[in-house]
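Text of the file data10.pdb, holding PDB, C-alpha atoms and all ligand atoms:
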```pdb
ATOM      1  CA  MET C  21       0.000   0.000   0.000
ATOM      2  CA  PRO C  22       2.276   2.760  -1.159
ATOM      3  CA  ARG C  23       1.967   6.015   0.744
ATOM      4  CA  LEU C  24       3.999   8.389  -1.374
ATOM      5  CA  VAL C  25       4.984  12.034  -1.305
ATOM      6  CA  ILE C  26       6.498  13.751  -4.314
ATOM      7  CA  LEU C  27       8.799  16.719  -3.790
ATOM      8  CA  GLY C  28      10.812  18.638  -6.352
ATOM      9  CA  LYS C  29      10.601  22.167  -7.614
ATOM     10  CA  GLN C  30       7.873  23.655  -9.702
ATOM     11  CA  GLY C  31       8.399  22.603 -13.299
ATOM     12  CA  ALA C  32      10.383  19.496 -12.323
ATOM     13  CA  GLY C  33       7.819  17.370 -14.122
ATOM     14  CA  LYS C  34       5.831  16.336 -11.063
ATOM     15  CA  GLY C  35       2.488  16.508 -12.873
ATOM     16  CA  THR C  36       3.551  14.139 -15.628
ATOM     17  CA  GLN C  37       5.295  11.742 -13.293
ATOM     18  CA  CYS C  38       2.363  11.714 -10.885
ATOM     19  CA  ALA C  39      -0.064  10.734 -13.632
ATOM     20  CA  LEU C  40       2.161   7.789 -14.558
ATOM     21  CA  LEU C  41       2.770   6.754 -10.944
ATOM     22  CA  VAL C  42      -0.862   6.720  -9.823
ATOM     23  CA  ASN C  43      -1.669   4.643 -12.868
ATOM     24  CA  HIS C  44       1.169   2.220 -12.123
ATOM     25  CA  TYR C  45       0.241   1.747  -8.447
ATOM     26  CA  ASP C  46      -3.511   2.339  -8.840
ATOM     27  CA  ILE C  47      -3.640   4.881  -6.026
ATOM     28  CA  PRO C  48      -5.323   8.296  -5.773
ATOM     29  CA  HIS C  49      -3.399  11.388  -6.836
ATOM     30  CA  ILE C  50      -3.814  14.071  -4.184
ATOM     31  CA  SER C  51      -2.587  17.377  -5.581
ATOM     32  CA  THR C  52      -3.155  20.425  -3.373
ATOM     33  CA  GLY C  53      -2.522  22.688  -6.386
ATOM     34  CA  ASP C  54      -5.241  20.870  -8.399
ATOM     35  CA  MET C  55      -7.665  21.030  -5.478
ATOM     36  CA  LEU C  56      -7.036  24.760  -5.065
ATOM     37  CA  ARG C  57      -7.425  25.390  -8.811
ATOM     38  CA  ALA C  58     -10.715  23.449  -8.738
ATOM     39  CA  ALA C  59     -11.912  25.678  -5.871
ATOM     40  CA  VAL C  60     -10.905  28.770  -7.878
ATOM     41  CA  ALA C  61     -12.773  27.485 -10.946
ATOM     42  CA  GLU C  62     -15.886  26.776  -8.869
ATOM     43  CA  GLY C  63     -15.678  30.203  -7.259
ATOM     44  CA  THR C  64     -16.022  28.825  -3.725
ATOM     45  CA  GLU C  65     -15.062  30.920  -0.706
ATOM     46  CA  LEU C  66     -11.812  29.019  -0.512
ATOM     47  CA  GLY C  67     -11.183  29.634  -4.203
ATOM     48  CA  LEU C  68     -11.734  33.353  -3.837
ATOM     49  CA  LYS C  69      -9.241  33.475  -0.957
ATOM     50  CA  ALA C  70      -6.666  31.333  -2.721
ATOM     51  CA  LYS C  71      -6.679  32.933  -6.178
ATOM     52  CA  GLN C  72      -4.665  36.091  -5.394
ATOM     53  CA  ILE C  73      -2.194  34.219  -3.236
ATOM     54  CA  MET C  74      -1.600  31.648  -5.962
ATOM     55  CA  ASP C  75      -1.266  34.233  -8.728
ATOM     56  CA  ALA C  76       1.450  35.974  -6.704
ATOM     57  CA  GLY C  77       3.288  32.681  -6.232
ATOM     58  CA  ASP C  78       2.832  32.833  -2.465
ATOM     59  CA  LEU C  79       1.846  29.969  -0.215
ATOM     60  CA  VAL C  80      -1.718  29.479   0.898
ATOM     61  CA  SER C  81      -1.891  29.318   4.718
ATOM     62  CA  ASP C  82      -0.987  26.063   6.443
ATOM     63  CA  GLU C  83      -4.358  26.123   8.169
ATOM     64  CA  ILE C  84      -6.298  26.112   4.892
ATOM     65  CA  ILE C  85      -4.088  23.499   3.288
ATOM     66  CA  LEU C  86      -4.186  21.198   6.291
ATOM     67  CA  GLY C  87      -7.970  21.371   6.325
ATOM     68  CA  ILE C  88      -8.155  20.357   2.667
ATOM     69  CA  VAL C  89      -5.648  17.530   2.994
ATOM     70  CA  GLU C  90      -7.099  16.129   6.191
ATOM     71  CA  GLU C  91     -10.532  15.969   4.606
ATOM     72  CA  ARG C  92      -9.158  14.309   1.464
ATOM     73  CA  LEU C  93      -7.145  11.720   3.401
ATOM     74  CA  ALA C  94     -10.302  10.758   5.296
ATOM     75  CA  HIS C  95     -11.791   9.301   2.078
ATOM     76  CA  PRO C  96     -11.722   5.492   2.104
ATOM     77  CA  ASP C  97      -9.972   5.367  -1.292
ATOM     78  CA  THR C  98      -6.736   6.366   0.450
ATOM     79  CA  GLU C  99      -6.697   3.055   2.318
ATOM     80  CA  LYS C 100      -4.955   1.473  -0.660
ATOM     81  CA  GLY C 101      -2.265   4.152  -0.606
ATOM     82  CA  PHE C 102      -1.919   7.591  -2.173
ATOM     83  CA  LEU C 103       0.430  10.008  -3.842
ATOM     84  CA  LEU C 104       0.636  13.472  -2.291
ATOM     85  CA  ASP C 105       1.719  16.149  -4.763
ATOM     86  CA  GLY C 106       2.410  19.761  -3.758
ATOM     87  CA  PHE C 107       2.077  18.818  -0.096
ATOM     88  CA  PRO C 108       3.801  19.030   2.337
ATOM     89  CA  ARG C 109       5.517  22.289   1.393
ATOM     90  CA  THR C 110       6.445  23.654   4.835
ATOM     91  CA  ASP C 111       7.890  22.172   8.006
ATOM     92  CA  MET C 112       4.589  22.711   9.762
ATOM     93  CA  GLN C 113       2.725  20.789   7.013
ATOM     94  CA  ALA C 114       5.220  17.923   7.197
ATOM     95  CA  GLN C 115       4.855  17.652  10.986
ATOM     96  CA  ALA C 116       1.077  17.773  10.707
ATOM     97  CA  LEU C 117       1.114  15.064   8.033
ATOM     98  CA  THR C 118       3.179  12.809  10.271
ATOM     99  CA  GLU C 119       0.572  13.236  13.003
ATOM    100  CA  MET C 120      -2.324  12.627  10.609
ATOM    101  CA  LEU C 121      -0.815   9.363   9.429
ATOM    102  CA  ALA C 122       0.446   8.068  12.778
ATOM    103  CA  PRO C 123       1.277   5.363  13.576
ATOM    104  CA  ALA C 124       1.900   4.619   9.881
ATOM    105  CA  GLY C 125       4.024   7.122   8.016
ATOM    106  CA  ILE C 126       5.096   8.070   4.539
ATOM    107  CA  GLU C 127       6.770   5.101   2.885
ATOM    108  CA  VAL C 128       8.674   6.943   0.181
ATOM    109  CA  ALA C 129       9.352  10.636  -0.452
ATOM    110  CA  ILE C 130      10.435  11.160  -4.049
ATOM    111  CA  ASP C 131      12.588  14.113  -5.044
ATOM    112  CA  ILE C 132      12.902  14.982  -8.742
ATOM    113  CA  GLU C 133      16.066  16.972  -9.337
ATOM    114  CA  VAL C 134      16.124  19.540 -12.143
ATOM    115  CA  PRO C 135      18.249  22.720 -12.331
ATOM    116  CA  ASP C 136      16.566  26.121 -11.814
ATOM    117  CA  GLU C 137      17.231  27.291 -15.401
ATOM    118  CA  VAL C 138      15.445  24.270 -16.813
ATOM    119  CA  VAL C 139      12.388  24.519 -14.556
ATOM    120  CA  THR C 140      12.045  28.234 -15.273
ATOM    121  CA  GLU C 141      12.044  27.605 -19.022
ATOM    122  CA  ARG C 142       9.505  24.803 -18.671
ATOM    123  CA  MET C 143       7.159  26.943 -16.584
ATOM    124  CA  LEU C 144       7.342  29.906 -18.959
ATOM    125  CA  ALA C 145       6.496  27.535 -21.792
ATOM    126  CA  ARG C 146       3.361  26.108 -20.138
ATOM    127  CA  GLY C 147       1.855  29.538 -19.360
ATOM    128  CA  ARG C 148      -0.481  28.887 -16.431
ATOM    129  CA  ASP C 149      -1.995  31.991 -14.718
ATOM    130  CA  ASP C 150       0.724  31.867 -12.072
ATOM    131  CA  ASP C 151       3.547  31.216 -14.554
ATOM    132  CA  THR C 152       4.582  34.871 -14.878
ATOM    133  CA  PRO C 153       8.314  35.536 -14.394
ATOM    134  CA  GLU C 154       7.666  37.231 -11.013
ATOM    135  CA  ALA C 155       5.447  34.465  -9.642
ATOM    136  CA  ILE C 156       7.858  31.790 -10.872
ATOM    137  CA  GLN C 157      10.735  33.459  -9.095
ATOM    138  CA  ARG C 158       8.687  33.772  -5.917
ATOM    139  CA  ARG C 159       7.711  30.088  -6.025
ATOM    140  CA  LEU C 160      11.315  29.006  -6.532
ATOM    141  CA  GLU C 161      12.418  31.219  -3.621
ATOM    142  CA  LEU C 162       9.754  29.718  -1.388
ATOM    143  CA  TYR C 163      10.742  26.251  -2.552
ATOM    144  CA  ARG C 164      14.326  26.866  -1.462
ATOM    145  CA  ALA C 165      13.373  28.430   1.845
ATOM    146  CA  GLU C 166      10.395  26.314   2.910
ATOM    147  CA  THR C 167      10.244  23.073   0.963
ATOM    148  CA  ALA C 168      13.857  22.070   0.265
ATOM    149  CA  PRO C 169      14.469  21.558   4.027
ATOM    150  CA  LEU C 170      11.865  18.779   3.918
ATOM    151  CA  LEU C 171      14.353  16.716   1.937
ATOM    152  CA  ASN C 172      16.370  16.463   5.166
ATOM    153  CA  PHE C 173      13.257  15.720   7.168
ATOM    154  CA  TYR C 174      12.489  12.662   5.003
ATOM    155  CA  SER C 175      16.106  11.701   4.524
ATOM    156  CA  GLU C 176      16.491  11.420   8.307
ATOM    157  CA  GLN C 177      13.568   9.001   8.291
ATOM    158  CA  ASN C 178      15.341   6.976   5.590
ATOM    159  CA  VAL C 179      12.458   7.301   3.152
ATOM    160  CA  LEU C 180      13.914   9.802   0.681
ATOM    161  CA  VAL C 181      14.818   8.862  -2.893
ATOM    162  CA  SER C 182      16.285  11.472  -5.253
ATOM    163  CA  VAL C 183      16.112  10.930  -8.981
ATOM    164  CA  ASP C 184      17.543  12.867 -11.893
ATOM    165  CA  GLY C 185      14.640  14.635 -13.611
ATOM    166  CA  LEU C 186      16.388  15.208 -16.953
ATOM    167  CA  GLY C 187      15.552  12.826 -19.782
ATOM    168  CA  SER C 188      12.381  11.489 -21.347
ATOM    169  CA  GLU C 189       9.197  11.009 -19.322
ATOM    170  CA  GLU C 190       9.677   7.229 -19.528
ATOM    171  CA  GLU C 191      13.290   7.413 -18.391
ATOM    172  CA  VAL C 192      12.395   9.507 -15.372
ATOM    173  CA  GLN C 193       9.459   7.221 -14.560
ATOM    174  CA  ASP C 194      11.698   4.128 -14.686
ATOM    175  CA  ARG C 195      14.166   5.801 -12.340
ATOM    176  CA  ILE C 196      11.400   6.680  -9.908
ATOM    177  CA  ILE C 197       9.886   3.203  -9.878
ATOM    178  CA  HIS C 198      13.284   1.569  -9.413
ATOM    179  CA  ALA C 199      14.051   3.959  -6.579
ATOM    180  CA  ILE C 200      10.722   3.232  -4.898
ATOM    181  CA  GLU C 201      11.183  -0.520  -5.184
ATOM    182  CA  SER C 202      14.687  -0.237  -3.794
ATOM    183  CA  ILE C 203      13.504   1.144  -0.490
ATOM    184  CA  SER C 204       9.943  -0.112   0.059
TER     185      SER C 204
HETATM  186  P1  LIG L   1       3.683  24.602  -8.517
HETATM  187  O1  LIG L   1       4.368  23.392  -7.991
HETATM  188  O2  LIG L   1       4.006  24.894  -9.954
HETATM  189  O3  LIG L   1       3.815  25.817  -7.638
HETATM  190  P2  LIG L   1       1.119  23.648  -7.522
HETATM  191  O4  LIG L   1      -0.015  23.248  -8.375
HETATM  192  O5  LIG L   1       1.721  22.620  -6.640
HETATM  193  O6  LIG L   1       2.160  24.256  -8.568
HETATM  194  O7  LIG L   1       0.702  24.893  -6.599
HETATM  195  C1  LIG L   1       0.179  26.077  -7.142
HETATM  196  C2  LIG L   1      -0.026  27.093  -6.008
HETATM  197  O8  LIG L   1      -0.997  26.577  -5.072
HETATM  198  C3  LIG L   1       1.199  27.402  -5.159
HETATM  199  O9  LIG L   1       2.015  28.389  -5.722
HETATM  200  C4  LIG L   1       0.542  27.862  -3.849
HETATM  201  O10 LIG L   1       0.059  29.178  -3.942
HETATM  202  C5  LIG L   1      -0.651  26.945  -3.731
HETATM  203  N1  LIG L   1      -0.341  25.702  -2.982
HETATM  204  C6  LIG L   1      -0.393  24.423  -3.473
HETATM  205  N2  LIG L   1      -0.053  23.538  -2.522
HETATM  206  C7  LIG L   1       0.239  24.262  -1.414
HETATM  207  C8  LIG L   1       0.669  23.922  -0.107
HETATM  208  N3  LIG L   1       0.890  22.644   0.251
HETATM  209  N4  LIG L   1       0.882  24.939   0.782
HETATM  210  C9  LIG L   1       0.661  26.212   0.442
HETATM  211  N5  LIG L   1       0.261  26.605  -0.763
HETATM  212  C10 LIG L   1       0.039  25.645  -1.700
END
```
As structure tokens, please, write out the structure in this file.
Ligand code: ADP
Amino acid sequence: MPRLVILGKQGAGKGTQCALLVNHYDIPHISTGDMLRAAVAEGTELGLKAKQIMDAGDLVSDEIILGIVEERLAHPDTEKGFLLDGFPRTDMQAQALTEMLAPAGIEVAIDIEVPDEVVTERMLARGRDDDTPEAIQRRLELYRAETAPLLNFYSEQNVLVSVDGLGSEEEVQDRIIHAIESIS
């Protein structure tokens, strides 16, 4: 029952790799970014709050995110495992996740490594609302400051695998699956 977290900067190819992984393991894909964008599209109260924050490349509050994730993880479909994408992004979120899952924990945290220049180019090419040069820079800054430290958090628990994110989608996927099998 794989309980997976995917880390890696914006533009590292997480979306593509997640789609392949959830298909391979037949587990739900839980993307906080997708859930927030759905709330924005529906025009819910949450969506209205989140839209400006997201467009600026800032982080939505831990409180809001934890509420969304806790509710999603309560669905019975997560009993067969899950892939968390875009979460956790801060130390506080990672600690809260550990508590939510206790006594079980995350089995594998996957890091996809891609240089900043490459991810910036990829994001500018895809052109989402929050893919302006300013918002991209802000997201990369926040990644360095808030999310990169989580690599240590998971490494200390011996569940971190880091894979090279350069190459074809299939190559990266093979690396990820091999890495997962090597530690779980
Ligand atoms: P990206 O990885 O390209 O930033 P995401 O889809 O993961 O894209 O997230 C888009 C935006 O949604 C983020 O910039 C942020 O504003 C918000 N967001 C998503 N997940 C979180 C989270 N775990 N904590 C705080 N904000 C989040």
Item to check | Output of the PyMOL selection byres (((chain C and resi 197) around 10) and not hetatm), listed as a PyMOL selection string | outcome: chain C and resi 41+44-45+130+183+192-196+198-202
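Nearest residue to ligand LIG 1 (chain L) among C:Glu91, C:Asp150, C:Glu62, C:Asp184 is C:Asp150, counting all atoms listed in the file.
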Item to check | Selection within 9 Å of ligand LIG 1 (chain L) by all atoms listed in the file, output as a PyMOL selection string | outcome: chain C and resi 28-32+34-35+51-57+70-82+84-86+89+105-110+113+143+148+150-151+155-156+158-160+162-163
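Distance-wise, CA of Gly33 (chain C) and CA of Ile126 (chain C) end up 21.0 Å apart.
Taking CA of Asp97 (chain C) and CA of Ile47 (chain C) as the two end points, the separation is 7.9 Å.
Nearest residue to Glu189 (chain C) among C:Leu93, C:Ala116, C:Leu68, C:Cys38 is C:Cys38, counting all atoms listed in the file.
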